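Since the structure comes first, as structure tokens, the remarks are kept for the end.
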Number of protein chains: 2
Amino acid sequence: MRVLVVEDERRLALALQHGLTAEGFTVDTAHDGPSGLARAMDHAYDVIVLDIMLPGLNGYRVCSRLRASGSDVGILMLTAKDGEWDEAEALDTGADDYLSKPFSFVVLVARLRALARRIGSRAPRRTVLGDLVVDSAARTCTRADTAVALTPREFAILDHLARRAGEAVSKREILDAVWDGGPDSDPNTVEVHVSALRRKIDSPFGRAAVQTVRGTGYRLAADGG
Amino acid sequence: MRVLVVEDERRLALALQHGLTAEGFTVDTAHDGPSGLARAMDHAYDVIVLDIMLPGLNGYRVCSRLRASGSDVGILMLTAKDGEWDEAEALDTGADDYLSKPFSFVVLVARLRALARRIGSRAPRRTVLGDLVVDSAARTCTRADTAVALTPREFAILDHLARRAGEAVSKREILDAVWDGGPDSDPNTVEVHVSALRRKIDSPFGRAAVQTVRGTGYRLAADGG
DNA sequence: GGCCTTGCTGAAGATCGGCTGAAGACCGGG
DNA sequence: CCCGGTCTTCAGCCGATCTTCAGCAAGGCC
């Protein structure tokens, strides 16, 4: 289990490195935003422990840049204050979990393990469903060997459905995954985009990969429809 | 999403009930340890918000008893102090997450949603009863290798029965699980839907998976009828 | 058998959920 | 600044689904 600790307070960083090493993790450290981001991009970590207040580039930015670059590494943010917006914003920028300082080392380890488990079971980068191919890394979609151009939202929805191929996925979950699912977000938005998506990947091919699950949401047929 | 709030401070419990209801959760409350435990055992909740300091039986004990009885419901503990042992002990007794009082409502909702997602993914995915297959994740049902289209209510009933395959399940429990079981809900509604369900998964196949338990409710035959 | 309780079911009207076209906001590039 | 593409919102439509009701069937008890 490879962990990167990005924390500018040297004493804390060192303590974490020692403690986590003792717990069986392999630990690297970085002490500012830019070098943390660089290390994270260059090496394959399982989880990153990311402080918010960092010199050069704050934790939110490191996090969102990592996500923007397509990384799905597990990110646990350390929020300095315990105001609610720190935490909500952490999740918004793509963090998987967060912990308010001061935190207990025991809890940190428990959270890291839980996070690693979740991350470990994440879906692959390329999903093949019959003649429908969704490439999460390249952000492309192919149907019957024909490239299909999708808008960002359309692709994000398809990608999310593809990660759960064969399962029914609720509109709320899609809102959470594709948008920053505020409680007041509108499920109709999803419907509109799904409608557009079908017009591109289903109708022209006389297929129906995107199925409606009434009362719940949608399901991507495991065989491409 | 069914939530049980176990909190002895009435004002807080009420506030949570209202707030969470507005967020789309279905909320029940209990105000002490023993009644919280009883409710949790009797009803199928997705998540329980559990205060630690409770009359009668404290949160740790409620939590560990639930786990001892085999429940895998999601448990989010509210820790009153913010000492680390509260939190570590909460995780030790089987809680999935915790939140220190005072907490932000926004954060609580985010945590509940995250927890619900995690829980949802560890529930059993398919139930096989003879040639009857109920796939909870995909929300599909198959009888003798034939896909059977069910309406949301029908599927919810079948799903609930399947989770207790072989056991007699009361109509009241079905009302609670599938509907938001107000005290004035009508058992005949269940009968109507069960009737429709049989017409789809039993009659066409000359089988009888859904059995009537007179005076009580229904039972799904463990061997598919 | 008679009677009461409980469960089944067909029909009908009300309601709900999902789909879609259109309008305007928004955004980034030229 | 303008333009094209994309996103969100809105409102209407439609069919699927739900609930209610009433009559009938079945079980259980005397």
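Residues are referred to by chain and number: the chain letter is A, B, ... according to the order shown in the structure tokens, the number counts from 1 in that chain, and ligands are numbered separately from 1 in the order shown.
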For this session: Check every residue of chain C for an atom within 9 Å of chain B, counting only C-alpha atoms (C1' of nucleotides), and provide those that qualify as a list in words.
Result: DT6, DG7, DC8 and DT9 of chain C
For this session: Pull out every residue of chain D that has at least one atom within 10 Å of chain A, counting only C-alpha atoms (C1' of nucleotides), and report them as a list in words.
Result: DG5, DT6, DC7, DT8, DT9, DA16 and DT17 of chain D
Problem set entry | Residues of segment 19-72 of chain B in strand (DSSP E), written as a ChimeraX atom specification | /B:26-30,47-51
Problem set entry | Separation of atom CA of Arg219 of chain B from atom CA of Ser71 of chain B, in Å and rounded to one decimal | 20.8 Å
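Between chain B and the candidates A:Val190, A:Ala149, A:Leu108, A:Asp135, the tightest atom-to-atom separation, counting only C-alpha atoms, involves A:Leu108.
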Exercise. So which residues touch DG13 of chain C within 12 Å, counting only C-alpha atoms (C1' of nucleotides), skipping near sequence neighbours fewer than 3 positions away, as a PyMOL selection string?
Worked result: chain D and resi 18-21
Problem set entry | Residues near Ala162 of chain A, cut-off 12 Å, only C-alpha atoms (C1' of nucleotides), skip fewer than 5 positions along chain, as an MDAnalysis selection string | chainID A and resid 122:129 132:136 141 155:157 167:169 174 209:210 218:224
Taking 3 positions as the minimum chain separation for residues in the same chain, which residues sit within 8 Å of Glu9 of chain B when counting only C-alpha atoms (C1' of nucleotides)? Answer as a PDB file with N, CA and C atoms, in the first residue's frame.
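Wrote around.pdb, looks like this:
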ATOM      1  N   LEU B  12     -33.227  18.125  19.026  1.00  0.00           N
ATOM      2  CA  LEU B  12     -32.294  17.747  17.971  1.00  0.00           C
ATOM      3  C   LEU B  12     -32.874  16.634  17.099  1.00  0.00           C
ATOM      4  N   ALA B  13     -33.481  15.655  17.765  1.00  0.00           N
ATOM      5  CA  ALA B  13     -34.071  14.542  17.018  1.00  0.00           C
ATOM      6  C   ALA B  13     -35.120  15.056  16.035  1.00  0.00           C
ATOM      7  N   HIS B  31     -35.806   7.564  21.110  1.00  0.00           N
ATOM      8  CA  HIS B  31     -35.220   8.512  22.052  1.00  0.00           C
ATOM      9  C   HIS B  31     -34.421   7.874  23.170  1.00  0.00           C
TER      10      HIS B  31
END
Exercise. In segment 16-165 of chain A, what's alpha helix (DSSP H) per DSSP? Answer as a PyMOL selection string?
Worked result: chain A and resi 16-22+33-42+59-68+84-92+105-120+152-163
Take the residues from that selection and put them in a file with C-alpha atoms, as an mmCIF file, in the first residue's frame.
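out.cif, freshly written:
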data_model
loop_
_atom_site.group_PDB
_atom_site.id
_atom_site.type_symbol
_atom_site.label_atom_id
_atom_site.label_comp_id
_atom_site.auth_asym_id
_atom_site.auth_seq_id
_atom_site.Cartn_x
_atom_site.Cartn_y
_atom_site.Cartn_z
ATOM 1 C CA LEU A 16 2.849 10.421 10.012
ATOM 2 C CA GLN A 17 5.604 8.877 7.963
ATOM 3 C CA HIS A 18 6.933 6.942 10.945
ATOM 4 C CA GLY A 19 3.541 5.966 12.238
ATOM 5 C CA LEU A 20 2.161 4.841 8.910
ATOM 6 C CA THR A 21 5.333 2.955 8.084
ATOM 7 C CA ALA A 22 4.935 1.120 11.373
ATOM 8 C CA GLY A 33 1.569 21.904 -3.177
ATOM 9 C CA PRO A 34 3.536 21.877 -6.426
ATOM 10 C CA SER A 35 5.951 19.138 -5.405
ATOM 11 C CA GLY A 36 3.088 17.110 -3.954
ATOM 12 C CA LEU A 37 1.181 17.377 -7.191
ATOM 13 C CA ALA A 38 4.260 16.457 -9.199
ATOM 14 C CA ARG A 39 4.985 13.394 -7.089
ATOM 15 C CA ALA A 40 1.354 12.327 -7.251
ATOM 16 C CA MET A 41 1.365 12.543 -11.038
ATOM 17 C CA ASP A 42 4.635 10.696 -11.421
ATOM 18 C CA GLY A 59 -4.932 21.232 -1.166
ATOM 19 C CA TYR A 60 -8.149 21.940 -3.023
ATOM 20 C CA ARG A 61 -6.222 22.868 -6.107
ATOM 21 C CA VAL A 62 -3.909 19.910 -5.921
ATOM 22 C CA CYS A 63 -6.949 17.710 -5.591
ATOM 23 C CA SER A 64 -8.918 19.175 -8.452
ATOM 24 C CA ARG A 65 -5.893 19.175 -10.749
ATOM 25 C CA LEU A 66 -5.306 15.534 -10.010
ATOM 26 C CA ARG A 67 -8.901 14.746 -10.807
ATOM 27 C CA ALA A 68 -8.807 16.909 -13.889
ATOM 28 C CA GLU A 84 -18.363 23.041 7.368
ATOM 29 C CA TRP A 85 -17.293 24.617 4.124
ATOM 30 C CA ASP A 86 -13.854 23.226 4.326
ATOM 31 C CA GLU A 87 -15.295 19.767 4.410
ATOM 32 C CA ALA A 88 -17.979 20.234 1.850
ATOM 33 C CA GLU A 89 -15.505 21.889 -0.485
ATOM 34 C CA ALA A 90 -13.060 19.039 0.007
ATOM 35 C CA LEU A 91 -15.634 16.572 -1.210
ATOM 36 C CA ASP A 92 -16.611 18.905 -4.030
ATOM 37 C CA PHE A 105 -3.817 8.678 14.434
ATOM 38 C CA VAL A 106 -5.920 5.593 15.052
ATOM 39 C CA VAL A 107 -8.774 7.135 13.144
ATOM 40 C CA LEU A 108 -6.521 8.190 10.301
ATOM 41 C CA VAL A 109 -5.309 4.646 9.844
ATOM 42 C CA ALA A 110 -8.830 3.279 9.945
ATOM 43 C CA ARG A 111 -9.958 5.787 7.345
ATOM 44 C CA LEU A 112 -6.985 5.100 5.116
ATOM 45 C CA ARG A 113 -7.638 1.386 5.187
ATOM 46 C CA ALA A 114 -11.333 1.922 4.459
ATOM 47 C CA LEU A 115 -10.467 4.254 1.611
ATOM 48 C CA ALA A 116 -7.914 1.848 0.164
ATOM 49 C CA ARG A 117 -10.514 -0.898 0.157
ATOM 50 C CA ARG A 118 -12.957 1.270 -1.702
ATOM 51 C CA ILE A 119 -10.391 2.415 -4.218
ATOM 52 C CA GLY A 120 -9.089 -1.082 -4.805
ATOM 53 C CA PRO A 152 -18.590 16.207 -21.673
ATOM 54 C CA ARG A 153 -21.820 15.680 -19.737
ATOM 55 C CA GLU A 154 -22.963 12.905 -21.990
ATOM 56 C CA PHE A 155 -19.664 11.137 -21.649
ATOM 57 C CA ALA A 156 -19.583 11.540 -17.894
ATOM 58 C CA ILE A 157 -23.007 9.947 -17.601
ATOM 59 C CA LEU A 158 -22.109 7.107 -19.927
ATOM 60 C CA ASP A 159 -18.859 6.582 -18.081
ATOM 61 C CA HIS A 160 -20.587 6.389 -14.748
ATOM 62 C CA LEU A 161 -23.183 3.965 -16.046
ATOM 63 C CA ALA A 162 -20.431 1.897 -17.629
ATOM 64 C CA ARG A 163 -18.620 1.574 -14.316
#
Problem set entry | Atomic separation - atom C1' of DA22 of chain C relative to atom C1' of DG12 of chain D, Å | 11.5 Å
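Distances here use only C-alpha atoms (C1' of nucleotides); by that measure, the residue among D:DC14, D:DC30, D:DC1, D:DA25 closest to DC16 of chain C is D:DC14.
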Exercise. Which value, in Å to one decimal, gives the distance between atom CA of Ala80 of chain B and atom CA of Leu57 of chain B?
Worked result: 15.5 Å
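Minimum atom-to-atom distances from A:Val178, A:Val213, A:Leu99, A:Val73 to His43 of chain A were compared using only C-alpha atoms, and the lowest value belongs to A:Val73.
Residue nearest chain A within the list B:Ala165, B:Ala147, B:Ala138, B:Met1: B:Ala138 [criterion: smallest interatomic distance, only C-alpha atoms].
With distances restricted to only C-alpha atoms, B:Ala95 is the closest residue to chain A from B:Ala208, B:Ala95, B:Leu175, B:Ala144.
Nearest to chain A of all the residues B:Ser185, B:Ser100, B:Gln211, B:Thr146 is B:Ser100, counting only C-alpha atoms.
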